[in-house]
Amino acid sequence: MKLSEKALEIAISQIGQDEKPHGSNWGLPVKNYLQSVGINFPASWCMAFIYWCFSEASKQLKVTNAAIKTGGVLAAWNKAEKTKKSSTPSIGSVFIMDFGHGLGHTGIVKSFDDKFIYTIEGNTNDTGSREGIEVCNKKRLRTSIKGYINY
């Protein structure tokens with residue numbers, strides 16, 4: 001099994017996990033996601049969630065974790081090797097959204113079609129916020145995505 005496939009499997013297992021209390025960017029398991037990238041305080045956690053999924057996958061598969069260890073979405077994009085970046089999704093790729101002013105959002109691609117990507121995302125909610133409270137299944141327009149990182 002590929003690292004990205006195992007990371008997706010782990011992400012799916014986290015659906016419904018949420019902040020405690022809601023709106024706090026904290027509580028278990030959010031604290032664990034953040035601590036996986038060295039953040040020991042409440043913070044936006046979508047990128048930390050993705051890193052945690054890849055970290056857990058690498059442990060289970062006994063392979064090196066290729067994901068960039070950061071809590072910053074755009075930092076991950078900027079640090080990713082050019083050969084890992086793509087303008088088209090694949091199952092298990094990490095999507096990157098850029099809202100300007102250093103604000104981003106991310107998740108992992110579960111499936112896709114010509115118009116949408118179907119994802120698992122942390123720090124979101126049913127309305128698709130980049131500052132939500134839980135791990136959710138989401139549907140995003142492909143045109144809203146900056147790019148994809150393939151680990």
# chains A, B, ... in the order shown; residues from 1 in each chain; ligands from 1
>>> residues_around(residues="Gly147 in chain A", least_positions_apart="4", cutoff="6 Å", atoms="only C-alpha atoms", output="mmCIF file with all heavy atoms, in the first residue's frame")
data_model
loop_
_atom_site.group_PDB
_atom_site.id
_atom_site.type_symbol
_atom_site.label_atom_id
_atom_site.label_comp_id
_atom_site.auth_asym_id
_atom_site.auth_seq_id
_atom_site.Cartn_x
_atom_site.Cartn_y
_atom_site.Cartn_z
ATOM 1 N N SER A 86 1.417 19.235 -8.257
ATOM 2 C CA SER A 86 0.640 18.962 -9.464
ATOM 3 C C SER A 86 -0.528 19.934 -9.550
ATOM 4 O O SER A 86 -0.980 20.465 -8.540
ATOM 5 C CB SER A 86 0.114 17.525 -9.413
ATOM 6 O OG SER A 86 -0.716 17.258 -10.517
ATOM 7 N N SER A 87 -1.009 20.127 -10.743
ATOM 8 C CA SER A 87 -2.203 20.952 -10.931
ATOM 9 C C SER A 87 -3.458 20.079 -11.052
ATOM 10 O O SER A 87 -4.558 20.600 -11.165
ATOM 11 C CB SER A 87 -2.051 21.829 -12.179
ATOM 12 O OG SER A 87 -1.868 21.008 -13.316
ATOM 13 N N PHE A 95 -4.615 18.635 -1.126
ATOM 14 C CA PHE A 95 -4.977 19.840 -1.868
ATOM 15 C C PHE A 95 -4.595 21.073 -1.057
ATOM 16 O O PHE A 95 -4.570 21.054 0.169
ATOM 17 C CB PHE A 95 -6.461 19.868 -2.253
ATOM 18 C CG PHE A 95 -7.392 20.166 -1.108
ATOM 19 C CD1 PHE A 95 -7.664 21.478 -0.722
ATOM 20 C CD2 PHE A 95 -8.008 19.145 -0.416
ATOM 21 C CE1 PHE A 95 -8.510 21.759 0.328
ATOM 22 C CE2 PHE A 95 -8.870 19.404 0.628
ATOM 23 C CZ PHE A 95 -9.118 20.719 1.018
ATOM 24 N N ILE A 96 -4.306 22.142 -1.761
ATOM 25 C CA ILE A 96 -3.929 23.412 -1.144
ATOM 26 C C ILE A 96 -4.855 24.505 -1.657
ATOM 27 O O ILE A 96 -5.022 24.673 -2.862
ATOM 28 C CB ILE A 96 -2.461 23.789 -1.484
ATOM 29 C CG1 ILE A 96 -1.488 22.681 -1.062
ATOM 30 C CG2 ILE A 96 -2.093 25.140 -0.888
ATOM 31 C CD1 ILE A 96 -1.371 22.445 0.428
#
>>> select_by_dssp(residues="range 48-140 of chain A", states="alpha helix (DSSP H)", output="list of chain:residue names")
A:Ala48, A:Phe49, A:Ile50, A:Tyr51, A:Trp52, A:Cys53, A:Phe54, A:Ser55, A:Glu56, A:Ala57, A:Ser58, A:Lys59, A:Gln60, A:Leu61, A:Val73, A:Leu74, A:Ala75, A:Ala76, A:Trp77, A:Asn78, A:Lys79
>>> select_by_dssp(residues="chain A", states="strand (DSSP E or B)", output="VMD selection string")
chain A and resid 18 85 to 86 94 to 100 103 to 112 116 to 124 134 to 141 147 to 149
>>> atom_distance(atom1="CA of Ile39 in chain A", atom2="CA of Pro21 in chain A")
18.2 Å
>>> closest_residue(among="A:Ser129, A:Ser4, A:Ser36, A:Ile117", to="Ile149 in chain A", atoms="only C-alpha atoms")
A:Ser4
>>> closest_residue(among="A:Pro42, A:Asn32, A:Val37, A:Leu8", to="Tyr118 in chain A", atoms="only C-alpha atoms")
A:Leu8
>>> atom_distance(atom1="CA of Ala57 in chain A", atom2="CA of Glu9 in chain A")
8.5 Å
>>> residues_around(residues="Leu61 in chain A", least_positions_apart="4", cutoff="12 Å", atoms="only C-alpha atoms", output="ChimeraX atom specification")
/A:1-7,10,54-57,65
>>> decode(residues="range 46-58 of chain A", atoms="all heavy atoms", output="PDB file, in the first residue's frame")
ATOM      1  N   CYS A  46      -5.772  22.336  10.288  1.00  0.00           N
ATOM      2  CA  CYS A  46      -6.013  21.520   9.092  1.00  0.00           C
ATOM      3  C   CYS A  46      -4.723  20.889   8.561  1.00  0.00           C
ATOM      4  O   CYS A  46      -4.706  19.699   8.222  1.00  0.00           O
ATOM      5  CB  CYS A  46      -6.746  22.301   8.005  1.00  0.00           C
ATOM      6  SG  CYS A  46      -5.893  23.764   7.397  1.00  0.00           S
ATOM      7  N   MET A  47      -3.629  21.649   8.515  1.00  0.00           N
ATOM      8  CA  MET A  47      -2.368  21.102   8.002  1.00  0.00           C
ATOM      9  C   MET A  47      -1.764  20.125   8.994  1.00  0.00           C
ATOM     10  O   MET A  47      -1.207  19.095   8.598  1.00  0.00           O
ATOM     11  CB  MET A  47      -1.380  22.232   7.707  1.00  0.00           C
ATOM     12  CG  MET A  47      -0.129  21.783   6.953  1.00  0.00           C
ATOM     13  SD  MET A  47      -0.509  21.416   5.224  1.00  0.00           S
ATOM     14  CE  MET A  47      -0.009  19.707   5.133  1.00  0.00           C
ATOM     15  N   ALA A  48      -1.877  20.417  10.285  1.00  0.00           N
ATOM     16  CA  ALA A  48      -1.377  19.494  11.306  1.00  0.00           C
ATOM     17  C   ALA A  48      -2.117  18.158  11.212  1.00  0.00           C
ATOM     18  O   ALA A  48      -1.509  17.090  11.372  1.00  0.00           O
ATOM     19  CB  ALA A  48      -1.522  20.110  12.692  1.00  0.00           C
ATOM     20  N   PHE A  49      -3.411  18.207  10.949  1.00  0.00           N
ATOM     21  CA  PHE A  49      -4.196  16.985  10.778  1.00  0.00           C
ATOM     22  C   PHE A  49      -3.639  16.146   9.633  1.00  0.00           C
ATOM     23  O   PHE A  49      -3.452  14.933   9.764  1.00  0.00           O
ATOM     24  CB  PHE A  49      -5.671  17.322  10.542  1.00  0.00           C
ATOM     25  CG  PHE A  49      -6.495  16.143  10.121  1.00  0.00           C
ATOM     26  CD1 PHE A  49      -6.776  15.121  11.016  1.00  0.00           C
ATOM     27  CD2 PHE A  49      -6.991  16.043   8.826  1.00  0.00           C
ATOM     28  CE1 PHE A  49      -7.538  14.016  10.628  1.00  0.00           C
ATOM     29  CE2 PHE A  49      -7.739  14.954   8.433  1.00  0.00           C
ATOM     30  CZ  PHE A  49      -8.019  13.929   9.334  1.00  0.00           C
ATOM     31  N   ILE A  50      -3.351  16.789   8.512  1.00  0.00           N
ATOM     32  CA  ILE A  50      -2.813  16.069   7.357  1.00  0.00           C
ATOM     33  C   ILE A  50      -1.458  15.464   7.691  1.00  0.00           C
ATOM     34  O   ILE A  50      -1.195  14.288   7.407  1.00  0.00           O
ATOM     35  CB  ILE A  50      -2.724  16.992   6.116  1.00  0.00           C
ATOM     36  CG1 ILE A  50      -4.134  17.400   5.664  1.00  0.00           C
ATOM     37  CG2 ILE A  50      -1.935  16.339   4.977  1.00  0.00           C
ATOM     38  CD1 ILE A  50      -5.048  16.231   5.320  1.00  0.00           C
ATOM     39  N   TYR A  51      -0.582  16.242   8.330  1.00  0.00           N
ATOM     40  CA  TYR A  51       0.729  15.701   8.705  1.00  0.00           C
ATOM     41  C   TYR A  51       0.552  14.503   9.640  1.00  0.00           C
ATOM     42  O   TYR A  51       1.212  13.479   9.477  1.00  0.00           O
ATOM     43  CB  TYR A  51       1.615  16.773   9.355  1.00  0.00           C
ATOM     44  CG  TYR A  51       2.953  16.186   9.725  1.00  0.00           C
ATOM     45  CD1 TYR A  51       3.956  16.055   8.767  1.00  0.00           C
ATOM     46  CD2 TYR A  51       3.199  15.699  11.004  1.00  0.00           C
ATOM     47  CE1 TYR A  51       5.159  15.460   9.080  1.00  0.00           C
ATOM     48  CE2 TYR A  51       4.399  15.101  11.320  1.00  0.00           C
ATOM     49  CZ  TYR A  51       5.384  14.985  10.357  1.00  0.00           C
ATOM     50  OH  TYR A  51       6.576  14.381  10.672  1.00  0.00           O
ATOM     51  N   TRP A  52      -0.322  14.628  10.637  1.00  0.00           N
ATOM     52  CA  TRP A  52      -0.562  13.544  11.584  1.00  0.00           C
ATOM     53  C   TRP A  52      -1.008  12.274  10.845  1.00  0.00           C
ATOM     54  O   TRP A  52      -0.543  11.176  11.153  1.00  0.00           O
ATOM     55  CB  TRP A  52      -1.615  13.974  12.615  1.00  0.00           C
ATOM     56  CG  TRP A  52      -1.922  12.935  13.635  1.00  0.00           C
ATOM     57  CD1 TRP A  52      -1.274  12.704  14.822  1.00  0.00           C
ATOM     58  CD2 TRP A  52      -2.972  11.953  13.563  1.00  0.00           C
ATOM     59  NE1 TRP A  52      -1.858  11.642  15.484  1.00  0.00           N
ATOM     60  CE2 TRP A  52      -2.903  11.167  14.737  1.00  0.00           C
ATOM     61  CE3 TRP A  52      -3.963  11.673  12.627  1.00  0.00           C
ATOM     62  CZ2 TRP A  52      -3.784  10.123  14.992  1.00  0.00           C
ATOM     63  CZ3 TRP A  52      -4.843  10.622  12.884  1.00  0.00           C
ATOM     64  CH2 TRP A  52      -4.746   9.862  14.045  1.00  0.00           C
ATOM     65  N   CYS A  53      -1.909  12.411   9.869  1.00  0.00           N
ATOM     66  CA  CYS A  53      -2.369  11.250   9.087  1.00  0.00           C
ATOM     67  C   CYS A  53      -1.204  10.584   8.362  1.00  0.00           C
ATOM     68  O   CYS A  53      -1.077   9.346   8.377  1.00  0.00           O
ATOM     69  CB  CYS A  53      -3.443  11.660   8.080  1.00  0.00           C
ATOM     70  SG  CYS A  53      -5.011  12.139   8.829  1.00  0.00           S
ATOM     71  N   PHE A  54      -0.343  11.377   7.744  1.00  0.00           N
ATOM     72  CA  PHE A  54       0.815  10.818   7.043  1.00  0.00           C
ATOM     73  C   PHE A  54       1.817  10.223   8.026  1.00  0.00           C
ATOM     74  O   PHE A  54       2.442   9.191   7.740  1.00  0.00           O
ATOM     75  CB  PHE A  54       1.467  11.868   6.136  1.00  0.00           C
ATOM     76  CG  PHE A  54       0.799  11.979   4.799  1.00  0.00           C
ATOM     77  CD1 PHE A  54      -0.287  12.823   4.617  1.00  0.00           C
ATOM     78  CD2 PHE A  54       1.220  11.222   3.717  1.00  0.00           C
ATOM     79  CE1 PHE A  54      -0.931  12.915   3.385  1.00  0.00           C
ATOM     80  CE2 PHE A  54       0.592  11.301   2.480  1.00  0.00           C
ATOM     81  CZ  PHE A  54      -0.488  12.155   2.316  1.00  0.00           C
ATOM     82  N   SER A  55       1.967  10.847   9.176  1.00  0.00           N
ATOM     83  CA  SER A  55       2.870  10.330  10.203  1.00  0.00           C
ATOM     84  C   SER A  55       2.393   8.969  10.705  1.00  0.00           C
ATOM     85  O   SER A  55       3.176   8.015  10.815  1.00  0.00           O
ATOM     86  CB  SER A  55       2.961  11.330  11.357  1.00  0.00           C
ATOM     87  OG  SER A  55       3.805  10.846  12.373  1.00  0.00           O
ATOM     88  N   GLU A  56       1.107   8.867  11.011  1.00  0.00           N
ATOM     89  CA  GLU A  56       0.544   7.590  11.457  1.00  0.00           C
ATOM     90  C   GLU A  56       0.661   6.529  10.357  1.00  0.00           C
ATOM     91  O   GLU A  56       0.986   5.371  10.643  1.00  0.00           O
ATOM     92  CB  GLU A  56      -0.918   7.770  11.876  1.00  0.00           C
ATOM     93  CG  GLU A  56      -1.095   8.611  13.118  1.00  0.00           C
ATOM     94  CD  GLU A  56      -0.435   8.006  14.348  1.00  0.00           C
ATOM     95  OE1 GLU A  56      -0.711   6.833  14.659  1.00  0.00           O
ATOM     96  OE2 GLU A  56       0.366   8.716  14.996  1.00  0.00           O
ATOM     97  N   ALA A  57       0.419   6.928   9.117  1.00  0.00           N
ATOM     98  CA  ALA A  57       0.530   5.994   7.992  1.00  0.00           C
ATOM     99  C   ALA A  57       1.962   5.491   7.842  1.00  0.00           C
ATOM    100  O   ALA A  57       2.189   4.297   7.627  1.00  0.00           O
ATOM    101  CB  ALA A  57       0.064   6.672   6.703  1.00  0.00           C
ATOM    102  N   SER A  58       2.920   6.396   7.977  1.00  0.00           N
ATOM    103  CA  SER A  58       4.330   5.993   7.819  1.00  0.00           C
ATOM    104  C   SER A  58       4.733   5.011   8.923  1.00  0.00           C
ATOM    105  O   SER A  58       5.475   4.064   8.668  1.00  0.00           O
ATOM    106  CB  SER A  58       5.250   7.211   7.795  1.00  0.00           C
ATOM    107  OG  SER A  58       5.308   7.838   9.053  1.00  0.00           O
TER     108      SER A  58
END
